[in-house]
>>> print(open('work-v1.csv').read())   # CSV, C-alpha atoms and all ligand atoms
chain,number,residue,atom,x,y,z
A,25,MET,CA,-56.3,67.3,-150.1
A,26,GLU,CA,-57.5,69.9,-152.5
A,27,GLN,CA,-60.3,69.8,-155.0
A,28,ILE,CA,-61.8,72.3,-157.5
A,29,ILE,CA,-65.5,73.2,-157.4
A,30,LEU,CA,-67.7,74.9,-160.0
A,31,THR,CA,-69.2,77.8,-158.0
A,32,LYS,CA,-70.8,79.9,-160.7
A,33,ARG,CA,-71.8,79.3,-164.3
A,34,PRO,CA,-70.0,81.6,-166.7
A,35,GLN,CA,-71.7,84.4,-168.7
A,36,GLY,CA,-69.7,84.5,-171.8
A,37,ALA,CA,-66.0,83.7,-171.4
A,38,PRO,CA,-65.2,81.8,-168.1
A,39,THR,CA,-62.9,83.3,-165.6
A,40,LEU,CA,-61.1,82.2,-162.4
A,41,GLU,CA,-64.2,83.5,-160.5
A,42,ASN,CA,-66.1,80.4,-161.7
A,43,PHE,CA,-63.9,78.1,-159.7
A,44,GLU,CA,-63.1,77.6,-156.1
A,45,PHE,CA,-60.4,75.5,-154.3
A,46,ARG,CA,-61.7,73.5,-151.4
A,47,LYS,CA,-59.9,71.3,-148.8
A,48,THR,CA,-61.3,67.9,-147.8
A,49,ASN,CA,-60.2,64.6,-146.4
A,50,ILE,CA,-58.7,61.9,-148.7
A,51,PRO,CA,-61.5,59.5,-149.4
A,52,GLU,CA,-61.3,55.7,-148.5
A,53,PRO,CA,-62.0,53.0,-151.1
A,54,SER,CA,-64.6,50.3,-150.5
A,55,HIS,CA,-64.9,46.8,-151.9
A,56,LYS,CA,-63.9,46.7,-155.6
A,57,GLU,CA,-62.7,50.3,-155.5
A,58,VAL,CA,-59.2,51.9,-155.6
A,59,LEU,CA,-57.7,55.1,-154.4
A,60,VAL,CA,-56.0,57.0,-157.2
A,61,GLU,CA,-53.3,59.7,-156.8
A,62,THR,CA,-53.8,62.3,-159.6
A,63,HIS,CA,-50.7,62.7,-161.8
A,64,TYR,CA,-52.0,64.3,-165.0
A,65,VAL,CA,-55.3,66.2,-165.6
A,66,SER,CA,-56.6,67.0,-169.0
A,67,VAL,CA,-58.4,70.2,-169.8
A,68,ASP,CA,-60.5,70.2,-172.9
A,69,PRO,CA,-62.7,72.7,-174.8
A,70,TYR,CA,-65.8,70.6,-174.5
A,71,MET,CA,-65.8,71.3,-170.7
A,72,ARG,CA,-66.9,74.8,-171.5
A,73,GLY,CA,-70.2,73.3,-172.7
A,74,ARG,CA,-70.5,71.3,-169.5
A,75,MET,CA,-70.3,74.5,-167.5
A,76,GLU,CA,-73.8,75.5,-168.9
A,77,ASP,CA,-76.9,74.0,-167.5
A,78,THR,CA,-78.1,72.8,-170.9
A,79,LYS,CA,-78.9,69.4,-172.5
A,80,SER,CA,-76.0,67.9,-174.5
A,81,TYR,CA,-74.2,64.7,-175.2
A,82,VAL,CA,-72.5,64.9,-171.8
A,83,GLU,CA,-74.0,65.8,-168.4
A,84,PRO,CA,-73.5,69.4,-167.3
A,85,PHE,CA,-71.1,70.0,-164.3
A,86,LYS,CA,-73.2,70.4,-161.2
A,87,LEU,CA,-72.9,73.7,-159.2
A,88,ASN,CA,-70.9,73.4,-156.0
A,89,GLU,CA,-69.5,70.0,-157.0
A,90,VAL,CA,-66.1,68.9,-158.1
A,91,LEU,CA,-65.4,69.3,-161.8
A,92,ASN,CA,-64.2,66.2,-163.6
A,93,GLY,CA,-62.5,64.9,-166.8
A,94,GLY,CA,-59.7,62.8,-168.1
A,95,VAL,CA,-57.1,61.9,-165.5
A,96,VAL,CA,-54.0,59.7,-165.4
A,97,GLY,CA,-53.0,58.6,-161.9
A,98,LYS,CA,-51.4,56.0,-159.7
A,99,VAL,CA,-53.2,53.4,-157.6
A,100,ILE,CA,-52.1,53.9,-154.0
A,101,GLU,CA,-54.6,51.7,-152.3
A,102,SER,CA,-56.5,48.8,-153.9
A,103,ASN,CA,-59.5,46.8,-152.8
A,104,SER,CA,-59.8,45.3,-156.3
A,105,ASP,CA,-58.4,42.1,-157.8
A,106,LEU,CA,-57.9,44.0,-161.1
A,107,PHE,CA,-55.4,46.7,-159.8
A,108,ASN,CA,-52.3,46.6,-157.7
A,109,GLU,CA,-50.8,49.4,-155.8
A,110,GLY,CA,-48.3,51.2,-158.1
A,111,ASP,CA,-50.4,50.6,-161.3
A,112,PHE,CA,-50.9,53.6,-163.5
A,113,VAL,CA,-54.5,54.1,-164.6
A,114,ILE,CA,-56.7,56.4,-166.8
A,115,GLY,CA,-60.2,57.3,-166.0
A,116,HIS,CA,-62.8,60.0,-165.9
A,117,LEU,CA,-62.1,61.4,-162.4
A,118,GLY,CA,-62.5,64.6,-160.4
A,119,TRP,CA,-60.3,67.7,-160.4
A,120,GLN,CA,-58.8,66.7,-157.0
A,121,GLU,CA,-55.6,65.4,-155.7
A,122,TYR,CA,-56.9,61.9,-154.9
A,123,SER,CA,-60.0,60.1,-156.1
A,124,VAL,CA,-61.8,56.9,-155.2
A,125,ALA,CA,-62.8,55.0,-158.4
A,126,LYS,CA,-64.7,51.8,-159.0
A,127,GLU,CA,-62.6,49.1,-160.7
A,128,ASN,CA,-64.8,49.2,-163.8
A,129,GLU,CA,-64.2,52.9,-164.3
A,130,LEU,CA,-60.5,52.6,-164.8
A,131,ARG,CA,-58.1,51.2,-167.4
A,132,LYS,CA,-54.4,50.4,-166.9
A,133,VAL,CA,-51.8,52.4,-168.8
A,134,ASP,CA,-48.2,51.4,-169.2
A,135,GLU,CA,-45.4,54.0,-169.1
A,136,ASN,CA,-43.0,51.5,-170.6
A,137,ILE,CA,-45.1,51.6,-173.8
A,138,ALA,CA,-45.7,55.4,-174.0
A,139,PRO,CA,-45.3,58.4,-171.7
A,140,LEU,CA,-48.2,58.6,-169.2
A,141,SER,CA,-49.3,62.0,-170.5
A,142,SER,CA,-49.8,60.7,-174.0
A,143,TYR,CA,-52.7,58.5,-172.9
A,144,LEU,CA,-54.7,61.8,-172.5
A,145,GLY,CA,-53.5,63.2,-175.8
A,146,VAL,CA,-52.3,61.5,-178.9
A,147,LEU,CA,-53.2,58.0,-177.7
A,148,GLY,CA,-56.4,59.1,-176.0
A,149,MET,CA,-59.5,61.1,-176.7
A,150,PRO,CA,-58.0,63.9,-178.9
A,151,GLY,CA,-55.9,61.5,-181.0
A,152,LEU,CA,-58.9,59.2,-181.5
A,153,THR,CA,-61.1,62.2,-182.5
A,154,ALA,CA,-58.5,63.2,-185.2
A,155,TYR,CA,-58.3,59.6,-186.4
A,156,PHE,CA,-62.0,58.9,-186.7
A,157,GLY,CA,-63.0,62.4,-188.0
A,158,MET,CA,-60.4,62.2,-190.7
A,159,ARG,CA,-60.5,58.5,-191.6
A,160,GLU,CA,-64.3,57.9,-191.3
A,161,ILE,CA,-65.7,61.2,-192.5
A,162,GLY,CA,-63.0,63.2,-194.2
A,163,LYS,CA,-61.6,60.2,-196.1
A,164,PRO,CA,-58.9,62.1,-198.0
A,165,GLN,CA,-57.7,60.5,-201.2
A,166,LYS,CA,-54.1,60.7,-202.5
A,167,GLY,CA,-53.6,64.1,-204.2
A,168,GLU,CA,-56.6,65.8,-202.6
A,169,THR,CA,-56.3,69.0,-200.6
A,170,VAL,CA,-57.2,69.0,-196.9
A,171,LEU,CA,-57.6,72.0,-194.7
A,172,VAL,CA,-57.5,71.8,-190.9
A,173,SER,CA,-58.7,74.7,-188.6
A,174,GLY,CA,-57.4,74.7,-185.0
A,175,ALA,CA,-54.5,73.0,-186.6
A,176,ALA,CA,-51.9,73.3,-183.9
A,177,GLY,CA,-54.1,71.9,-181.1
A,178,ALA,CA,-54.4,68.4,-179.7
A,179,VAL,CA,-56.8,67.2,-182.3
A,180,GLY,CA,-55.8,69.4,-185.3
A,181,MET,CA,-52.1,68.5,-185.4
A,182,ILE,CA,-52.9,64.8,-185.5
A,183,ALA,CA,-55.7,65.2,-188.0
A,184,GLY,CA,-53.4,67.0,-190.4
A,185,GLN,CA,-50.7,64.4,-190.1
A,186,ILE,CA,-53.2,61.6,-190.7
A,187,ALA,CA,-54.3,63.3,-193.9
A,188,LYS,CA,-50.7,63.7,-195.0
A,189,LEU,CA,-50.1,60.0,-194.5
A,190,GLN,CA,-53.1,59.3,-196.8
A,191,GLY,CA,-51.2,61.3,-199.5
A,192,ALA,CA,-53.1,64.5,-199.3
A,193,LYS,CA,-51.8,68.1,-199.5
A,194,VAL,CA,-52.4,69.6,-196.1
A,195,ILE,CA,-52.9,73.2,-195.0
A,196,GLY,CA,-53.4,74.3,-191.4
A,197,ILE,CA,-54.9,77.4,-189.8
A,198,ALA,CA,-53.8,78.5,-186.4
A,199,GLY,CA,-53.3,81.5,-184.2
A,200,SER,CA,-49.6,82.3,-183.8
A,201,ASP,CA,-46.4,82.4,-185.8
A,202,LYS,CA,-44.9,79.8,-183.4
A,203,LYS,CA,-47.7,77.4,-184.2
A,204,ILE,CA,-47.4,78.0,-188.0
A,205,ASP,CA,-43.7,77.3,-187.8
A,206,TYR,CA,-44.4,74.1,-185.9
A,207,LEU,CA,-47.0,72.9,-188.4
A,208,ILE,CA,-44.8,73.5,-191.4
A,209,ASN,CA,-41.3,72.7,-190.1
A,210,LYS,CA,-42.1,69.8,-187.6
A,211,ALA,CA,-45.5,68.3,-188.4
A,212,GLY,CA,-45.0,68.3,-192.1
A,213,PHE,CA,-48.0,70.4,-193.2
A,214,ASP,CA,-47.5,71.8,-196.7
A,215,HIS,CA,-48.6,75.3,-195.7
A,216,ALA,CA,-50.2,77.0,-192.7
A,217,ILE,CA,-51.6,80.5,-192.1
A,218,ASN,CA,-52.0,82.6,-189.0
A,219,TYR,CA,-55.6,83.7,-188.9
A,220,LYS,CA,-54.8,86.4,-186.4
A,221,THR,CA,-52.4,88.2,-188.8
A,222,THR,CA,-53.8,87.3,-192.2
A,223,LYS,CA,-56.0,90.1,-193.5
A,224,ASP,CA,-58.1,88.0,-196.0
A,225,ILE,CA,-58.2,84.3,-195.1
A,226,ASN,CA,-60.3,83.5,-198.2
A,227,GLN,CA,-57.8,85.1,-200.5
A,228,SER,CA,-54.7,83.5,-198.8
A,229,LEU,CA,-56.3,80.1,-199.0
A,230,LEU,CA,-57.2,80.7,-202.7
A,231,GLU,CA,-53.5,81.4,-203.3
A,232,LEU,CA,-52.3,78.4,-201.3
A,233,CYS,CA,-54.8,76.0,-202.9
A,234,PRO,CA,-55.9,77.2,-206.3
A,235,GLU,CA,-57.1,73.6,-206.9
A,236,GLY,CA,-59.8,74.1,-204.1
A,237,ILE,CA,-60.4,72.1,-200.9
A,238,ASP,CA,-61.6,68.6,-200.7
A,239,VAL,CA,-61.7,68.0,-197.0
A,240,TYR,CA,-62.2,70.7,-194.3
A,241,PHE,CA,-61.6,69.3,-190.8
A,242,ASP,CA,-63.2,72.0,-188.8
A,243,ASN,CA,-62.4,72.6,-185.1
A,244,VAL,CA,-63.4,76.2,-184.9
A,245,GLY,CA,-66.5,77.3,-187.0
A,246,GLY,CA,-67.3,81.0,-187.1
A,247,PRO,CA,-65.7,83.5,-189.4
A,248,ILE,CA,-62.8,81.2,-190.3
A,249,SER,CA,-65.2,78.6,-191.6
A,250,GLU,CA,-67.2,81.3,-193.5
A,251,ALA,CA,-64.0,82.2,-195.3
A,252,VAL,CA,-63.4,78.5,-196.2
A,253,TYR,CA,-66.8,77.4,-197.6
A,254,PRO,CA,-66.5,79.2,-201.0
A,255,LEU,CA,-63.3,77.2,-201.7
A,256,LEU,CA,-64.8,73.8,-201.3
A,257,ASN,CA,-64.7,71.5,-204.2
A,258,THR,CA,-67.5,69.4,-205.5
A,259,PHE,CA,-68.3,66.5,-203.1
A,260,ALA,CA,-66.0,68.0,-200.4
A,261,ARG,CA,-66.4,66.5,-196.9
A,262,ILE,CA,-66.4,68.5,-193.6
A,263,PRO,CA,-65.9,66.5,-190.4
A,264,GLN,CA,-67.4,69.0,-188.1
A,265,CYS,CA,-65.4,68.3,-185.0
A,266,GLY,CA,-65.8,71.5,-183.0
A,267,ALA,CA,-66.8,75.1,-183.1
A,268,ILE,CA,-64.6,76.7,-180.4
A,269,SER,CA,-65.1,80.2,-181.8
A,270,SER,CA,-68.7,80.1,-180.5
A,271,TYR,CA,-68.3,78.3,-177.2
A,272,ASN,CA,-68.1,81.6,-175.2
A,273,LYS,CA,-70.8,83.4,-177.1
A,274,GLN,CA,-73.9,84.2,-175.2
A,275,GLU,CA,-76.2,84.3,-178.2
A,276,ASP,CA,-76.4,81.6,-180.8
A,277,ASP,CA,-74.3,82.3,-183.9
A,278,ILE,CA,-76.4,83.1,-186.9
A,279,GLY,CA,-74.3,80.5,-188.7
A,280,PRO,CA,-72.1,81.1,-191.7
A,281,ARG,CA,-73.9,82.0,-194.9
A,282,ILE,CA,-73.1,78.8,-196.6
A,283,HIS,CA,-76.2,77.1,-197.9
A,284,THR,CA,-75.7,77.9,-201.6
A,285,TYR,CA,-72.1,76.7,-201.4
A,286,LEU,CA,-73.2,73.5,-199.8
A,287,ILE,CA,-75.7,72.8,-202.6
A,288,LYS,CA,-73.6,73.9,-205.5
A,289,SER,CA,-70.7,71.8,-204.3
A,290,ARG,CA,-72.8,68.9,-202.9
A,291,VAL,CA,-70.8,69.2,-199.7
A,292,LEU,CA,-71.1,66.6,-196.9
A,293,ILE,CA,-70.9,68.2,-193.5
A,294,GLN,CA,-71.1,65.7,-190.6
A,295,GLY,CA,-70.9,66.5,-186.9
A,296,PHE,CA,-69.5,63.7,-184.8
A,297,ILE,CA,-68.6,62.8,-181.3
A,298,VAL,CA,-65.5,60.6,-180.7
A,299,GLY,CA,-67.6,58.3,-178.5
A,300,ASP,CA,-69.6,57.3,-181.5
A,301,TYR,CA,-66.6,55.2,-182.5
A,302,ALA,CA,-66.0,53.5,-179.0
A,303,PRO,CA,-66.2,49.9,-180.4
A,304,LYS,CA,-63.2,50.7,-182.5
A,305,PHE,CA,-61.1,52.6,-179.9
A,306,GLN,CA,-58.7,49.8,-179.1
A,307,GLU,CA,-57.9,49.1,-182.8
A,308,ALA,CA,-57.4,52.8,-183.5
A,309,SER,CA,-55.1,53.5,-180.5
A,310,GLN,CA,-53.0,50.6,-181.5
A,311,GLU,CA,-52.7,52.1,-185.0
A,312,LEU,CA,-51.8,55.5,-183.6
A,313,GLY,CA,-49.2,53.8,-181.4
A,314,ARG,CA,-47.7,52.1,-184.4
A,315,MET,CA,-47.6,55.4,-186.4
A,316,LEU,CA,-45.7,57.0,-183.4
A,317,GLN,CA,-43.3,54.1,-183.2
A,318,ASP,CA,-42.6,54.2,-186.9
A,319,GLY,CA,-41.9,57.9,-186.7
A,320,GLN,CA,-44.8,58.7,-189.1
A,321,LEU,CA,-46.6,60.8,-186.5
A,322,ILE,CA,-45.3,63.4,-184.0
A,323,TYR,CA,-47.2,65.2,-181.2
A,324,GLU,CA,-46.7,68.1,-178.8
A,325,GLU,CA,-48.0,68.7,-175.3
A,326,THR,CA,-48.1,71.9,-173.2
A,327,VAL,CA,-47.7,70.7,-169.7
A,328,THR,CA,-48.4,73.1,-166.9
A,329,ASP,CA,-47.1,72.2,-163.4
A,330,GLY,CA,-49.2,72.3,-160.3
A,331,PHE,CA,-52.8,71.4,-159.2
A,332,LYS,CA,-53.5,75.1,-158.6
A,333,LYS,CA,-53.0,75.9,-162.3
A,334,ILE,CA,-55.8,73.7,-163.6
A,335,PRO,CA,-58.4,76.5,-164.0
A,336,GLU,CA,-55.9,78.8,-165.6
A,337,ALA,CA,-54.7,76.2,-168.0
A,338,PHE,CA,-58.4,75.5,-169.0
A,339,LEU,CA,-59.0,79.2,-169.6
A,340,GLY,CA,-55.8,79.3,-171.7
A,341,LEU,CA,-57.5,77.0,-174.3
A,342,PHE,CA,-59.7,79.9,-175.3
A,343,LYS,CA,-56.8,82.2,-175.7
A,344,GLY,CA,-54.7,79.9,-177.8
A,345,GLU,CA,-52.0,79.5,-175.1
A,346,ASN,CA,-51.4,75.8,-175.9
A,347,LEU,CA,-49.4,74.1,-178.6
A,348,GLY,CA,-50.8,70.6,-178.9
A,349,LYS,CA,-52.4,68.9,-175.9
A,350,GLN,CA,-52.9,71.0,-172.8
A,351,LEU,CA,-52.3,69.0,-169.6
A,352,ILE,CA,-51.6,69.8,-166.0
A,353,ARG,CA,-48.9,67.7,-164.1
A,354,VAL,CA,-50.1,67.4,-160.6
A,355,LYS,CA,-47.5,64.9,-159.4
A,356,ARG,CA,-44.2,63.8,-160.9
B,401,LIG,P1,-56.9,72.5,-178.8
B,401,LIG,O1,-55.7,71.8,-178.3
B,401,LIG,O2,-57.1,72.8,-180.3
B,401,LIG,O3,-57.1,73.9,-178.0
B,401,LIG,C1,-58.0,74.9,-178.4
B,401,LIG,C2,-57.4,75.8,-179.5
B,401,LIG,O4,-58.5,76.5,-180.1
B,401,LIG,C3,-56.6,76.9,-178.9
B,401,LIG,O5,-55.2,76.6,-178.7
B,401,LIG,C4,-56.7,78.0,-180.0
B,401,LIG,O6,-55.6,77.9,-180.9
B,401,LIG,C5,-58.0,77.7,-180.7
B,401,LIG,N1,-59.0,78.7,-180.5
B,401,LIG,C6,-59.5,79.2,-179.3
B,401,LIG,N2,-60.4,80.2,-179.6
B,401,LIG,C7,-60.5,80.3,-180.9
B,401,LIG,C8,-61.3,81.1,-181.8
B,401,LIG,N3,-62.2,82.0,-181.3
B,401,LIG,N4,-61.2,80.9,-183.1
B,401,LIG,C9,-60.3,80.0,-183.6
B,401,LIG,N5,-59.5,79.2,-182.9
B,401,LIG,C10,-59.6,79.3,-181.5
B,401,LIG,O7,-58.2,71.7,-178.3
B,401,LIG,P2,-58.6,70.3,-178.8
B,401,LIG,O8,-57.7,69.8,-179.8
B,401,LIG,O9,-58.8,69.4,-177.6
B,401,LIG,O10,-60.1,70.5,-179.5
B,401,LIG,C11,-60.2,71.1,-180.7
B,401,LIG,C12,-61.6,71.2,-181.2
B,401,LIG,O11,-62.1,69.9,-181.3
B,401,LIG,C13,-62.5,71.9,-180.1
B,401,LIG,O12,-63.5,72.6,-180.8
B,401,LIG,C14,-63.2,70.8,-179.4
B,401,LIG,O13,-64.4,71.1,-178.8
B,401,LIG,C15,-63.3,69.7,-180.5
B,401,LIG,N6,-63.3,68.4,-180.0
B,401,LIG,C16,-64.4,67.6,-180.5
B,401,LIG,C17,-64.4,66.3,-180.1
B,401,LIG,C18,-65.5,65.4,-180.7
B,401,LIG,O14,-65.7,64.3,-180.3
B,401,LIG,N7,-66.3,66.0,-181.7
B,401,LIG,C19,-63.5,65.7,-179.2
B,401,LIG,C20,-62.4,66.5,-178.8
B,401,LIG,C21,-62.3,67.9,-179.2
B,401,LIG,P3,-55.2,79.2,-181.8
B,401,LIG,O15,-54.0,79.7,-181.3
B,401,LIG,O16,-55.0,78.5,-183.2
B,401,LIG,O17,-56.3,80.2,-181.8
>>> encode(input="work-v1.csv", output="structure tokens")
Amino acid sequence: MEQIILTKRPQGAPTLENFEFRKTNIPEPSHKEVLVETHYVSVDPYMRGRMEDTKSYVEPFKLNEVLNGGVVGKVIESNSDLFNEGDFVIGHLGWQEYSVAKENELRKVDENIAPLSSYLGVLGMPGLTAYFGMREIGKPQKGETVLVSGAAGAVGMIAGQIAKLQGAKVIGIAGSDKKIDYLINKAGFDHAINYKTTKDINQSLLELCPEGIDVYFDNVGGPISEAVYPLLNTFARIPQCGAISSYNKQEDDIGPRIHTYLIKSRVLIQGFIVGDYAPKFQEASQELGRMLQDGQLIYEETVTDGFKKIPEAFLGLFKGENLGKQLIRVKR
């Protein structure tokens, strides 16, 4: 079987040179372990941080070892009473075609309830991130104005729809006309702007929301955020979800020049990690499932076929190649 190894830590933007494919034998499960055949692999922006050898909320990837992340797969051999052959499971597993996992590292997923891929997207980590960031920090009220950056990605498109369901006016910022079209005509955003073709983001936002912005769900940071801060209303909230514009920077950003805006408008800015809300995960994914079933929520996935494409798909996140959740289908 094949696996993907981190061979070099990136300097700036990662490239295919940072990865290597290796062949090895399929491992054998011991007592209370199962052998999982990889079906879907998730690639996520936070993995860029794990490629650095620095302290963070998740361990860095180790050099010359298999990379890992969210995987949905099928149990093909079981030495556990909890799992049968044929069960579909989700877990944090290696970028490899087969993995051995301990029974307590996996959770069953049911393709009769939702498509297998959705457990890595709207019903999984990104969906939960959107849910908690918006509901617990953003807390949009009916009639308020909510702005989402990185709006056409896995987290952003769900965050915006959740705000819409709360009765807010919702504006998205994203990087292509196709994404803008999706946000307005499919996901029900009130407006959206393409930050790559808009000359003055601050001015465009001012025209779209003369009433100001009450919640800024920020996935990107950097110059986009700098354009947004002057438009924040008194007591605005910023769930600081991500800062993808800086992940490939080799030097720390000086940070947007925002302090006077924060003080004048008494803005609450709160960084968060979805794992902070782990005790409420089950309740929230049920709620997201209900919204999907009721047709209140839609989602999109960009599914790339083939194990060999995992590194490329990961790199694509930093070029905006994905609409919605980026996944790799390893096995049908
Ligand atoms: P996305 O599906 O949104 O994919 C990344 C997107 O970011 C790209 O498609 C691209 O879209 C956009 N992007 C890339 N580079 C830039 C840039 N320089 N400036 C602006 N936009 C850029 O990923 P996720 O939904 O999984 O994650 C979104 C954010 O949320 C990330 O910052 C991530 O780190 C964070 N996150 C945080 C979590 C938490 O617990 N706090 C959990 C999960 C994610 P475009 O075409 O619009 O440029």
>>> closest_residue(input="work-v1.csv", among="A:Leu230, A:Ile322, A:Phe43, A:Met75", to="Tyr271 of chain A", atoms="all atoms listed in the file")
A:Met75
>>> closest_atom_pairs(input="work-v1.csv", of="chain A", to="ligand LIG 401 (chain B)", cutoff="6 Å", atoms="only C-alpha atoms and all ligand atoms", output="JSON lines")
{"residue": "A:Asp68", "atom": "CA", "partner": "B:LIG401", "partner_atom": "O9", "distance": 5.1}
{"residue": "A:Pro69", "atom": "CA", "partner": "B:LIG401", "partner_atom": "O13", "distance": 4.6}
{"residue": "A:Tyr70", "atom": "CA", "partner": "B:LIG401", "partner_atom": "O13", "distance": 4.5}
{"residue": "A:Pro150", "atom": "CA", "partner": "B:LIG401", "partner_atom": "C20", "distance": 5.1}
{"residue": "A:Thr153", "atom": "CA", "partner": "B:LIG401", "partner_atom": "C19", "distance": 5.4}
{"residue": "A:Gly174", "atom": "CA", "partner": "B:LIG401", "partner_atom": "O16", "distance": 4.8}
{"residue": "A:Gly177", "atom": "CA", "partner": "B:LIG401", "partner_atom": "O1", "distance": 3.2}
{"residue": "A:Ala178", "atom": "CA", "partner": "B:LIG401", "partner_atom": "O8", "distance": 3.6}
{"residue": "A:Val179", "atom": "CA", "partner": "B:LIG401", "partner_atom": "O8", "distance": 3.7}
{"residue": "A:Gly180", "atom": "CA", "partner": "B:LIG401", "partner_atom": "O8", "distance": 5.8}
{"residue": "A:Ala198", "atom": "CA", "partner": "B:LIG401", "partner_atom": "O16", "distance": 3.4}
{"residue": "A:Gly199", "atom": "CA", "partner": "B:LIG401", "partner_atom": "O15", "distance": 3.5}
{"residue": "A:Ser200", "atom": "CA", "partner": "B:LIG401", "partner_atom": "O15", "distance": 5.7}
{"residue": "A:Asn243", "atom": "CA", "partner": "B:LIG401", "partner_atom": "C12", "distance": 4.2}
{"residue": "A:Val244", "atom": "CA", "partner": "B:LIG401", "partner_atom": "C9", "distance": 5.1}
{"residue": "A:Cys265", "atom": "CA", "partner": "B:LIG401", "partner_atom": "N7", "distance": 4.1}
{"residue": "A:Gly266", "atom": "CA", "partner": "B:LIG401", "partner_atom": "O12", "distance": 3.4}
{"residue": "A:Ala267", "atom": "CA", "partner": "B:LIG401", "partner_atom": "O12", "distance": 4.7}
{"residue": "A:Ile268", "atom": "CA", "partner": "B:LIG401", "partner_atom": "O12", "distance": 4.3}
{"residue": "A:Ser269", "atom": "CA", "partner": "B:LIG401", "partner_atom": "N3", "distance": 3.4}
{"residue": "A:Phe296", "atom": "CA", "partner": "B:LIG401", "partner_atom": "N7", "distance": 5.0}
{"residue": "A:Ile297", "atom": "CA", "partner": "B:LIG401", "partner_atom": "O14", "distance": 3.4}
{"residue": "A:Val298", "atom": "CA", "partner": "B:LIG401", "partner_atom": "O14", "distance": 3.7}
{"residue": "A:Leu341", "atom": "CA", "partner": "B:LIG401", "partner_atom": "C1", "distance": 4.6}
{"residue": "A:Phe342", "atom": "CA", "partner": "B:LIG401", "partner_atom": "C6", "distance": 4.1}
{"residue": "A:Lys343", "atom": "CA", "partner": "B:LIG401", "partner_atom": "C6", "distance": 5.4}
{"residue": "A:Gly344", "atom": "CA", "partner": "B:LIG401", "partner_atom": "O5", "distance": 3.5}
{"residue": "A:Glu345", "atom": "CA", "partner": "B:LIG401", "partner_atom": "O5", "distance": 5.6}
{"residue": "A:Asn346", "atom": "CA", "partner": "B:LIG401", "partner_atom": "O5", "distance": 4.8}
{"residue": "A:Gly348", "atom": "CA", "partner": "B:LIG401", "partner_atom": "O1", "distance": 5.1}
{"residue": "A:Lys349", "atom": "CA", "partner": "B:LIG401", "partner_atom": "O1", "distance": 5.0}
>>> atom_distance(input="work-v1.csv", atom1="atom CA of Ala211 of chain A", atom2="atom CA of Ile186 of chain A")
10.5 Å
>>> closest_residue(input="work-v1.csv", among="A:Gln190, A:Thr222, A:Gln306, A:Ser54", to="Asn103 of chain A", atoms="all atoms listed in the file")
A:Ser54
>>> residues_around(input="work-v1.csv", residues="Trp119 of chain A", least_positions_apart="6", cutoff="7 Å", atoms="only C-alpha atoms", output="MDAnalysis selection string")
chainID A and resid 27:28 90:92
>>> atom_distance(input="work-v1.csv", atom1="atom CA of Val172 of chain A", atom2="atom CA of Ala138 of chain A")
26.3 Å
>>> atom_distance(input="work-v1.csv", atom1="atom CA of Tyr122 of chain A", atom2="atom CA of Tyr64 of chain A")
11.5 Å
>>> build_atoms(input="work-v1.csv", residues="segment 306-316 of chain A", atoms="N, CA and C atoms", output="PDB file, in the coordinates of the input")
ATOM      1  N   GLN A 306     -59.889  50.565-179.401  1.00  0.00           N
ATOM      2  CA  GLN A 306     -58.700  49.800-179.100  1.00  0.00           C
ATOM      3  C   GLN A 306     -57.809  49.668-180.411  1.00  0.00           C
ATOM      4  N   GLU A 307     -58.510  49.283-181.456  1.00  0.00           N
ATOM      5  CA  GLU A 307     -57.900  49.100-182.800  1.00  0.00           C
ATOM      6  C   GLU A 307     -57.186  50.427-183.208  1.00  0.00           C
ATOM      7  N   ALA A 308     -57.909  51.548-183.019  1.00  0.00           N
ATOM      8  CA  ALA A 308     -57.400  52.800-183.500  1.00  0.00           C
ATOM      9  C   ALA A 308     -56.206  53.287-182.617  1.00  0.00           C
ATOM     10  N   SER A 309     -56.270  53.068-181.285  1.00  0.00           N
ATOM     11  CA  SER A 309     -55.100  53.500-180.500  1.00  0.00           C
ATOM     12  C   SER A 309     -53.883  52.682-180.777  1.00  0.00           C
ATOM     13  N   GLN A 310     -54.114  51.412-181.125  1.00  0.00           N
ATOM     14  CA  GLN A 310     -53.000  50.600-181.500  1.00  0.00           C
ATOM     15  C   GLN A 310     -52.332  51.135-182.815  1.00  0.00           C
ATOM     16  N   GLU A 311     -53.208  51.517-183.727  1.00  0.00           N
ATOM     17  CA  GLU A 311     -52.700  52.100-185.000  1.00  0.00           C
ATOM     18  C   GLU A 311     -51.982  53.385-184.795  1.00  0.00           C
ATOM     19  N   LEU A 312     -52.512  54.229-183.908  1.00  0.00           N
ATOM     20  CA  LEU A 312     -51.800  55.500-183.600  1.00  0.00           C
ATOM     21  C   LEU A 312     -50.477  55.214-182.950  1.00  0.00           C
ATOM     22  N   GLY A 313     -50.452  54.230-182.050  1.00  0.00           N
ATOM     23  CA  GLY A 313     -49.200  53.800-181.400  1.00  0.00           C
ATOM     24  C   GLY A 313     -48.165  53.354-182.400  1.00  0.00           C
ATOM     25  N   ARG A 314     -48.648  52.595-183.376  1.00  0.00           N
ATOM     26  CA  ARG A 314     -47.700  52.100-184.400  1.00  0.00           C
ATOM     27  C   ARG A 314     -47.156  53.238-185.243  1.00  0.00           C
ATOM     28  N   MET A 315     -48.021  54.189-185.580  1.00  0.00           N
ATOM     29  CA  MET A 315     -47.600  55.400-186.400  1.00  0.00           C
ATOM     30  C   MET A 315     -46.502  56.145-185.587  1.00  0.00           C
ATOM     31  N   LEU A 316     -46.705  56.265-184.275  1.00  0.00           N
ATOM     32  CA  LEU A 316     -45.700  57.000-183.400  1.00  0.00           C
ATOM     33  C   LEU A 316     -44.393  56.263-183.442  1.00  0.00           C
TER      34      LEU A 316
END
